[in-house]
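Colleague: final_5.txt is reproduced in full below (compact mmCIF, C-alpha atoms and all ligand atoms).
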# COMPACT_ATOMS: atom_id res chain seq x y z
CA MET Q 1 -18.62 3.74 34.31
CA THR Q 2 -21.62 2.57 32.24
CA GLU Q 3 -21.92 3.43 28.56
CA THR Q 4 -25.00 5.56 29.30
CA SER Q 5 -23.13 7.74 31.71
CA THR Q 6 -20.26 8.07 29.24
CA LEU Q 7 -22.78 9.26 26.65
CA GLU Q 8 -24.09 11.80 29.16
CA ARG Q 9 -20.56 13.05 29.85
CA ALA Q 10 -19.84 13.32 26.13
CA LEU Q 11 -23.08 15.29 25.69
CA GLU Q 12 -22.12 17.59 28.52
CA ALA Q 13 -18.71 18.20 26.95
CA LEU Q 14 -20.11 18.93 23.49
CA THR Q 15 -23.41 20.72 24.17
CA GLY Q 16 -23.22 24.31 22.98
CA ALA Q 17 -20.05 23.74 20.94
CA ASN Q 18 -20.37 25.63 17.69
CA ARG Q 19 -16.85 25.45 16.29
CA LEU Q 20 -16.20 21.76 16.13
CA VAL Q 21 -13.30 19.73 14.72
CA VAL Q 22 -13.61 15.97 14.23
CA VAL Q 23 -10.32 14.09 13.78
CA THR Q 24 -10.73 10.59 12.34
CA GLY Q 25 -8.54 7.59 11.59
CA ALA Q 26 -8.77 4.04 10.29
CA GLY Q 27 -11.13 2.93 13.08
CA MET Q 28 -13.84 5.18 11.63
CA SER Q 29 -13.76 3.19 8.37
CA HIS Q 30 -13.51 -0.13 10.16
CA ASP Q 31 -17.27 -0.39 10.80
CA SER Q 32 -17.86 0.02 7.07
CA GLY Q 33 -15.58 -2.94 6.39
CA VAL Q 34 -12.50 -1.04 5.17
CA PRO Q 35 -9.34 -2.77 6.39
CA THR Q 36 -6.49 -0.61 7.65
CA PHE Q 37 -3.43 -0.27 5.40
CA ARG Q 38 -1.67 -3.06 7.28
CA ASP Q 39 -4.77 -5.26 7.56
CA ALA Q 40 -5.22 -4.97 3.81
CA MET Q 41 -1.78 -6.50 3.34
CA THR Q 42 -3.22 -9.99 3.24
CA GLY Q 43 -3.17 -12.70 0.59
CA LEU Q 44 -0.64 -12.06 -2.12
CA TRP Q 45 0.08 -8.57 -0.79
CA ALA Q 46 1.40 -10.06 2.48
CA GLN Q 47 4.77 -10.81 0.87
CA TYR Q 48 5.63 -7.09 0.63
CA ASP Q 49 6.97 -4.59 3.13
CA PRO Q 50 4.71 -1.45 3.32
CA HIS Q 51 7.54 0.63 1.85
CA GLU Q 52 7.46 -1.57 -1.28
CA LEU Q 53 3.85 -0.54 -1.87
CA ALA Q 54 3.67 3.02 -0.61
CA SER Q 55 6.72 5.08 -1.49
CA GLU Q 56 8.06 7.05 -4.41
CA ASP Q 57 11.06 4.71 -4.69
CA ALA Q 58 8.78 1.69 -4.85
CA TYR Q 59 6.74 3.32 -7.62
CA ARG Q 60 9.88 4.14 -9.61
CA ARG Q 61 11.08 0.54 -9.25
CA ASN Q 62 7.77 -1.14 -10.01
CA PRO Q 63 4.91 1.21 -10.99
CA ALA Q 64 2.61 -1.69 -11.94
CA ARG Q 65 2.92 -3.32 -8.50
CA VAL Q 66 2.21 -0.07 -6.64
CA PHE Q 67 -0.59 0.93 -9.00
CA GLY Q 68 -2.12 -2.58 -8.69
CA TRP Q 69 -2.12 -2.28 -4.89
CA TYR Q 70 -3.91 1.06 -4.91
CA LEU Q 71 -6.36 0.04 -7.63
CA TRP Q 72 -7.21 -3.05 -5.59
CA ARG Q 73 -7.78 -0.97 -2.45
CA TRP Q 74 -9.81 1.60 -4.40
CA CYS Q 75 -12.04 -1.21 -5.75
CA LEU Q 76 -12.47 -2.52 -2.22
CA VAL Q 77 -13.44 0.88 -0.85
CA ARG Q 78 -15.97 1.43 -3.63
CA SER Q 79 -17.67 -1.82 -2.71
CA VAL Q 80 -18.54 -0.69 0.84
CA GLU Q 81 -21.00 1.91 2.16
CA PRO Q 82 -20.60 4.66 4.78
CA HIS Q 83 -22.02 3.42 8.11
CA PRO Q 84 -24.55 5.35 10.27
CA GLY Q 85 -21.71 7.15 12.08
CA TYR Q 86 -20.84 9.01 8.86
CA HIS Q 87 -24.45 10.11 8.42
CA ALA Q 88 -24.48 11.26 12.03
CA LEU Q 89 -21.43 13.47 11.33
CA THR Q 90 -23.30 14.95 8.37
CA ARG Q 91 -26.22 15.88 10.65
CA LEU Q 92 -23.72 17.34 13.10
CA GLU Q 93 -22.13 19.48 10.38
CA ALA Q 94 -25.55 20.79 9.36
CA GLY Q 95 -26.29 21.79 12.95
CA THR Q 96 -22.93 23.47 13.70
CA ASP Q 97 -21.74 26.92 12.57
CA ASP Q 98 -18.08 26.00 12.04
CA PHE Q 99 -17.29 22.37 11.43
CA LEU Q 100 -14.38 20.44 10.00
CA VAL Q 101 -13.54 16.77 9.60
CA ALA Q 102 -9.74 16.33 9.55
CA THR Q 103 -9.21 12.74 8.47
CA GLN Q 104 -6.17 10.53 8.09
CA ASN Q 105 -8.24 8.20 5.94
CA VAL Q 106 -7.85 8.12 2.18
CA ASP Q 107 -11.05 6.21 1.39
CA GLY Q 108 -13.41 9.14 0.71
CA LEU Q 109 -16.14 7.74 3.00
CA HIS Q 110 -16.73 11.05 4.80
CA SER Q 111 -17.60 12.68 1.52
CA ARG Q 112 -19.79 9.77 0.43
CA GLY Q 113 -21.49 9.93 3.85
CA GLY Q 114 -22.47 13.54 3.15
CA ASN Q 115 -19.91 15.71 4.96
CA GLN Q 116 -18.78 18.75 3.01
CA ARG Q 117 -16.14 20.36 5.19
CA ILE Q 118 -13.37 17.75 5.07
CA VAL Q 119 -9.60 17.89 4.89
CA GLU Q 120 -7.81 14.70 3.89
CA LEU Q 121 -4.45 14.94 5.66
CA HIS Q 122 -3.06 11.81 4.00
CA GLY Q 123 -4.56 12.48 0.57
CA SER Q 124 -7.19 10.49 -1.27
CA LEU Q 125 -7.37 7.14 -3.06
CA THR Q 126 -9.64 8.73 -5.65
CA ALA Q 127 -7.50 11.75 -6.49
CA PHE Q 128 -5.26 10.21 -9.12
CA ARG Q 129 -2.63 12.40 -10.75
CA CYS Q 130 0.40 11.97 -12.98
CA PHE Q 131 3.71 11.06 -11.37
CA ASP Q 132 5.96 13.64 -13.05
CA ASN Q 133 3.85 16.78 -13.13
CA GLY Q 134 0.87 16.22 -10.85
CA HIS Q 135 -1.68 16.72 -13.62
CA PRO Q 136 -5.04 15.53 -12.28
CA TYR Q 137 -6.41 12.33 -13.81
CA ASP Q 138 -10.15 11.69 -13.97
CA SER Q 139 -10.83 8.61 -11.83
CA ALA Q 140 -13.95 7.87 -13.92
CA LYS Q 141 -11.53 6.60 -16.58
CA LEU Q 142 -10.31 3.94 -14.16
CA GLU Q 143 -13.70 2.66 -13.09
CA SER Q 144 -13.73 -0.16 -15.64
CA LEU Q 145 -10.36 -1.44 -14.36
CA THR Q 146 -10.19 -4.04 -11.61
CA ALA Q 147 -7.28 -5.59 -9.75
CA LEU Q 148 -7.06 -8.92 -7.98
CA SER Q 149 -5.05 -9.37 -4.78
CA GLY Q 150 -1.37 -9.17 -5.61
CA GLU Q 151 -2.00 -8.35 -9.26
CA GLU Q 152 0.27 -5.86 -11.01
CA VAL Q 153 -1.56 -3.34 -13.19
CA GLU Q 154 0.31 -1.09 -15.60
CA PRO Q 155 -0.72 2.50 -14.76
CA PRO Q 156 -2.40 4.48 -17.52
CA ARG Q 157 -0.59 7.54 -18.91
CA CYS Q 158 -1.34 11.22 -18.46
CA GLN Q 159 -3.06 12.65 -21.50
CA GLU Q 160 -1.15 15.92 -21.14
CA CYS Q 161 2.44 14.73 -20.65
CA GLY Q 162 2.52 10.94 -20.96
CA SER Q 163 3.73 10.41 -17.39
CA PRO Q 164 2.31 7.36 -15.55
CA ILE Q 165 -0.62 7.86 -13.18
CA ARG Q 166 -0.23 7.50 -9.39
CA PRO Q 167 -2.75 7.67 -6.52
CA GLY Q 168 -3.16 10.98 -4.69
CA VAL Q 169 -2.24 9.55 -1.30
CA VAL Q 170 0.67 10.64 0.87
CA TRP Q 171 3.40 8.02 0.61
CA PHE Q 172 6.11 7.30 3.18
CA GLY Q 173 8.65 10.10 3.01
CA GLU Q 174 6.26 12.62 1.40
CA SER Q 175 4.94 15.82 2.96
CA LEU Q 176 1.31 16.21 3.90
CA PRO Q 177 -0.74 18.50 1.60
CA GLN Q 178 0.07 21.95 2.95
CA MET Q 179 -3.38 23.43 2.38
CA ALA Q 180 -5.01 20.57 4.31
CA VAL Q 181 -2.54 20.98 7.18
CA LYS Q 182 -3.12 24.73 7.33
CA GLN Q 183 -6.90 24.34 7.37
CA ALA Q 184 -6.84 21.64 10.05
CA TRP Q 185 -4.46 23.52 12.35
CA SER Q 186 -6.39 26.81 11.96
CA ALA Q 187 -9.68 25.04 12.68
CA VAL Q 188 -8.28 23.51 15.86
CA ALA Q 189 -6.86 26.88 16.92
CA ALA Q 190 -10.37 28.35 16.62
CA CYS Q 191 -12.45 25.39 17.84
CA ASP Q 192 -14.49 25.21 21.02
CA ALA Q 193 -14.55 21.37 21.11
CA LEU Q 194 -12.87 18.46 19.35
CA MET Q 195 -13.81 14.84 18.78
CA VAL Q 196 -11.17 12.22 17.99
CA ILE Q 197 -12.53 9.02 16.51
CA GLY Q 198 -10.89 5.74 15.53
CA THR Q 199 -7.26 6.76 15.56
CA SER Q 200 -4.42 5.24 17.52
CA ALA Q 201 -3.16 8.83 17.97
CA LEU Q 202 0.36 7.65 17.17
CA VAL Q 203 1.00 9.00 13.68
CA TYR Q 204 2.24 12.58 13.57
CA PRO Q 205 1.49 15.29 12.70
CA ALA Q 206 -2.24 14.38 12.82
CA ALA Q 207 -1.83 13.07 16.38
CA GLU Q 208 -0.85 16.60 17.38
CA LEU Q 209 -4.38 17.95 16.74
CA PRO Q 210 -6.12 16.56 19.86
CA SER Q 211 -3.13 17.60 22.00
CA LEU Q 212 -3.37 21.12 20.62
CA ALA Q 213 -7.05 21.29 21.58
CA MET Q 214 -6.29 19.93 25.06
CA ARG Q 215 -3.59 22.57 25.56
CA LYS Q 216 -6.14 25.23 24.61
CA GLY Q 217 -8.38 23.85 27.32
CA VAL Q 218 -11.38 22.97 25.13
CA PRO Q 219 -13.29 19.68 25.67
CA VAL Q 220 -11.95 16.68 23.77
CA VAL Q 221 -14.12 13.57 23.36
CA GLU Q 222 -12.49 10.36 22.14
CA ILE Q 223 -14.46 7.47 20.61
CA ASN Q 224 -12.44 4.30 20.35
CA PRO Q 225 -13.08 0.76 21.65
CA ASP Q 226 -9.43 0.57 22.73
CA LEU Q 227 -7.28 2.78 24.91
CA THR Q 228 -4.82 5.11 23.16
CA PRO Q 229 -1.93 7.22 24.47
CA ILE Q 230 -4.35 10.17 24.92
CA SER Q 231 -7.27 8.28 26.53
CA HIS Q 232 -6.24 9.34 30.03
CA GLU Q 233 -5.86 13.01 29.08
CA VAL Q 234 -9.04 13.68 27.09
CA THR Q 235 -12.18 15.11 28.70
CA VAL Q 236 -14.21 11.98 27.88
CA SER Q 237 -12.84 8.69 26.60
CA TRP Q 238 -15.75 6.62 25.26
CA SER Q 239 -14.95 2.97 24.72
CA GLU Q 240 -17.34 2.30 21.86
CA ARG Q 241 -17.38 1.71 18.09
CA ALA Q 242 -17.87 4.74 15.86
CA ALA Q 243 -20.96 3.28 14.14
CA VAL Q 244 -22.69 2.88 17.52
CA ALA Q 245 -21.48 5.92 19.47
CA LEU Q 246 -21.89 8.63 16.83
CA PRO Q 247 -25.59 8.12 15.99
CA ALA Q 248 -26.45 7.90 19.71
CA LEU Q 249 -24.48 11.07 20.46
CA VAL Q 250 -25.69 13.16 17.53
CA ASP Q 251 -29.35 12.13 17.99
CA ARG Q 252 -29.19 13.74 21.41
CA LEU Q 253 -26.98 16.71 20.48
CA ILE Q 254 -28.98 17.81 17.43
CA GLN Q 255 -32.70 17.70 18.15
N1 LIG L 301 -14.60 2.52 16.01
C1 LIG L 301 -13.69 3.41 16.51
N2 LIG L 301 -12.37 3.11 16.61
C2 LIG L 301 -11.96 1.91 16.21
C3 LIG L 301 -12.86 0.95 15.69
C4 LIG L 301 -14.24 1.29 15.60
N3 LIG L 301 -15.13 0.45 15.11
N4 LIG L 301 -12.15 -0.16 15.36
C5 LIG L 301 -10.86 0.11 15.66
N5 LIG L 301 -10.75 1.34 16.17
C6 LIG L 301 -9.54 2.03 16.61
C7 LIG L 301 -8.41 1.14 17.09
O1 LIG L 301 -8.58 0.83 18.45
C8 LIG L 301 -7.18 2.02 16.84
O2 LIG L 301 -6.91 2.82 17.97
O3 LIG L 301 -9.01 2.71 15.50
C9 LIG L 301 -7.61 2.92 15.68
C10 LIG L 301 -6.91 2.62 14.37
O4 LIG L 301 -5.55 2.89 14.52
P1 LIG L 301 -4.52 2.83 13.28
O5 LIG L 301 -4.76 1.56 12.52
O6 LIG L 301 -3.17 3.13 13.83
O7 LIG L 301 -5.04 3.98 12.33
P2 LIG L 301 -4.73 5.52 12.31
O8 LIG L 301 -4.66 6.09 13.69
O9 LIG L 301 -5.71 6.11 11.35
O10 LIG L 301 -3.30 5.53 11.68
C11 LIG L 301 -2.82 6.70 11.11
O11 LIG L 301 -1.11 5.47 9.94
O12 LIG L 301 -0.96 3.48 8.75
C12 LIG L 301 -0.89 4.88 8.67
O13 LIG L 301 -1.42 6.32 6.90
C13 LIG L 301 -1.97 5.34 7.74
O14 LIG L 301 -3.62 7.05 8.03
C14 LIG L 301 -2.98 5.99 8.67
C15 LIG L 301 -2.11 6.46 9.82
For the structure just supplied, provide its representation as structure tokens.
Ligand code: APR

Modeller:
Amino acid sequence: MTETSTLERALEALTGANRLVVVTGAGMSHDSGVPTFRDAMTGLWAQYDPHELASEDAYRRNPARVFGWYLWRWCLVRSVEPHPGYHALTRLEAGTDDFLVATQNVDGLHSRGGNQRIVELHGSLTAFRCFDNGHPYDSAKLESLTALSGEEVEPPRCQECGSPIRPGVVWFGESLPQMAVKQAWSAVAACDALMVIGTSALVYPAAELPSLAMRKGVPVVEINPDLTPISHEVTVSWSERAAVALPALVDRLIQ
């Protein structure tokens, strides 16, 4: 199957869809130069197990190590730009009545790329809050801070209660934000097509969303250079990078 004919099949599956859900994962950010969680564990971070950097226990044991890791990743994310695939999704949102991006990414690139209807199932690197009471903490106050690879950074304190500040991401062992889950599942229940982009479709519950759409019988288009466990079940599996496939697709869908 040539790439052109895969594009035509994706167009056929999505033309006329007006209640669209787009599920994204780390592969969407990859073309902007954001490493996955595990790929980011290079250099001095490589010595740690993921649970030592991304769990409540780890934060209690060593808040400066965990805060340093997230500050470093936040700095990295701020240094990259959303690729053309993000801008394509923004054009798609503008041309669709009901639209939702349900992302597993915490890097905020969908918002920087211009999308407005987004749920962040695994939280956000930018949404800092205090550890004890969840008071929001203005990330602008952290913009002057930097972290080097492997560097521990003492977290600042909440101005309301003095508790240390943590990132607003979902750590191992934590529940997903209930509002985000509710919105994503309702959108899929009502959608007439779904796109799944740059996710290995292995991490639940987000991996459940494309399956739910398939069970409903609506078209599901996957964009991923590699095969995933759902590639053989979706309506169209397009073996292409997000930054290439999305602009080509949306240019033809929205004219
Ligand atoms: N365009 C599209 N897809 C890509 C690209 C690209 N340029 N590059 C890589 N991919 C695909 C890979 O083939 C892989 O299937 O993106 C997928 C990334 O898979 P994972 O790294 O497992 O990321 P994700 O599915 O988002 O993982 C879910 O797991 O590590 C946790 O919390 C983390 O949110 C993450 C969750």

Colleague: To one decimal place, how far is atom CA of Q:Ser237 from atom CA of Q:Glu222 in Å?

Modeller: 4.8 Å

Colleague: Can you work out which residues are within 6 Å of ligand LIG 301 (chain L), considering only C-alpha atoms and all ligand atoms, and then hand them over as a VMD selection string?

Modeller: chain Q and resid 25 to 28 30 to 31 36 to 37 104 to 105 197 to 201 203 223 to 226 241 to 242

Colleague: Could you check how far atom CA of Q:Val188 sits from atom CA of Q:Lys216, in Å to one decimal?

Modeller: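 Atom CA of Q:Val188 sits 9.2 Å away from atom CA of Q:Lys216.
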
Colleague: Need the shell around Q:Cys75: protein/DNA/RNA residues with any atom at most 12 Å away, counting all atoms listed in the file. Skip same-chain ones fewer than 2 positions apart. Format as a PyMOL selection string?

Modeller: chain Q and resi 34+68-73+77-80+107+125-126+139+142-149

Colleague: To one decimal place in Å, what is the distance between atom CA of Q:Pro63 and atom CA of Q:Phe128?

Modeller: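 So the two atoms, atom CA of Q:Pro63 and atom CA of Q:Phe128, lie 13.7 Å apart.
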
Colleague: Excluding Q:Glu8 and any residue of its chain fewer than 6 positions from it, enumerate the residues within 12 Å of it, using all atoms listed in the file, and give them as a list of chain:residue names.

Modeller: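 The residues satisfying every condition are Q:Met1, Q:Thr2, Q:Leu14, Q:Thr15, Q:Val221, Q:Val236, Q:Ser237, Q:Trp238, Q:Ala245, Q:Ala248, Q:Leu249, Q:Val250, Q:Arg252, Q:Leu253.
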
Colleague: Pick the closest to Q:Pro205 from Q:Ser111, Q:Ser29, Q:Ser175, Q:Asn133: which is it, counting only C-alpha atoms?

Modeller: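 Closest residue, counting only C-alpha atoms: Q:Ser175.
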
Colleague: Go through Q:Pro167, Q:Pro155, Q:Gly217, Q:Gly123 and flag the residue nearest Q:Val181, using all atoms listed in the file for the distances.

Modeller: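 When distances to Q:Val181 are compared using all atoms listed in the file, the smallest one comes from Q:Gly123.
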
Colleague: Do you know which residues lie at most 6 Å from (-9.0, 14.0, 14.5), with coordinates as in the file and all atoms listed in the file counted, and could you write them as an mmCIF file with C-alpha atoms, keeping the file's coordinate frame?

Modeller:
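Written output follows (part_32.cif):
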data_model
loop_
_atom_site.group_PDB
_atom_site.id
_atom_site.type_symbol
_atom_site.label_atom_id
_atom_site.label_comp_id
_atom_site.auth_asym_id
_atom_site.auth_seq_id
_atom_site.Cartn_x
_atom_site.Cartn_y
_atom_site.Cartn_z
ATOM 1 C CA VAL Q 22 -13.610 15.970 14.230
ATOM 2 C CA VAL Q 23 -10.320 14.090 13.780
ATOM 3 C CA THR Q 24 -10.730 10.590 12.340
ATOM 4 C CA ALA Q 102 -9.740 16.330 9.550
ATOM 5 C CA VAL Q 196 -11.170 12.220 17.990
#

Colleague: Give the answer as one residue: which of Q:Asp97, Q:Arg215, Q:Asn18, Q:Asp138 has the shortest atom-to-atom distance to Q:Val234, using only C-alpha atoms?

Modeller: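 Closest to Q:Val234 of all the choices is Q:Arg215.
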
Colleague: When distances are computed from all atoms listed in the file, which of Q:Gly173, Q:Gly43, Q:Pro219, Q:Gly95 shows the smallest separation from Q:Met195?

Modeller: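 The shortest atom-to-atom distance to Q:Met195 comes from Q:Pro219.
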
Colleague: Which residues are near Q:Trp45? Cut-off 9 Å, only C-alpha atoms, ignore same chain within fewer than 4 positions. Put them as a PyMOL selection string.

Modeller: chain Q and resi 40-41+49+53+69+149-151
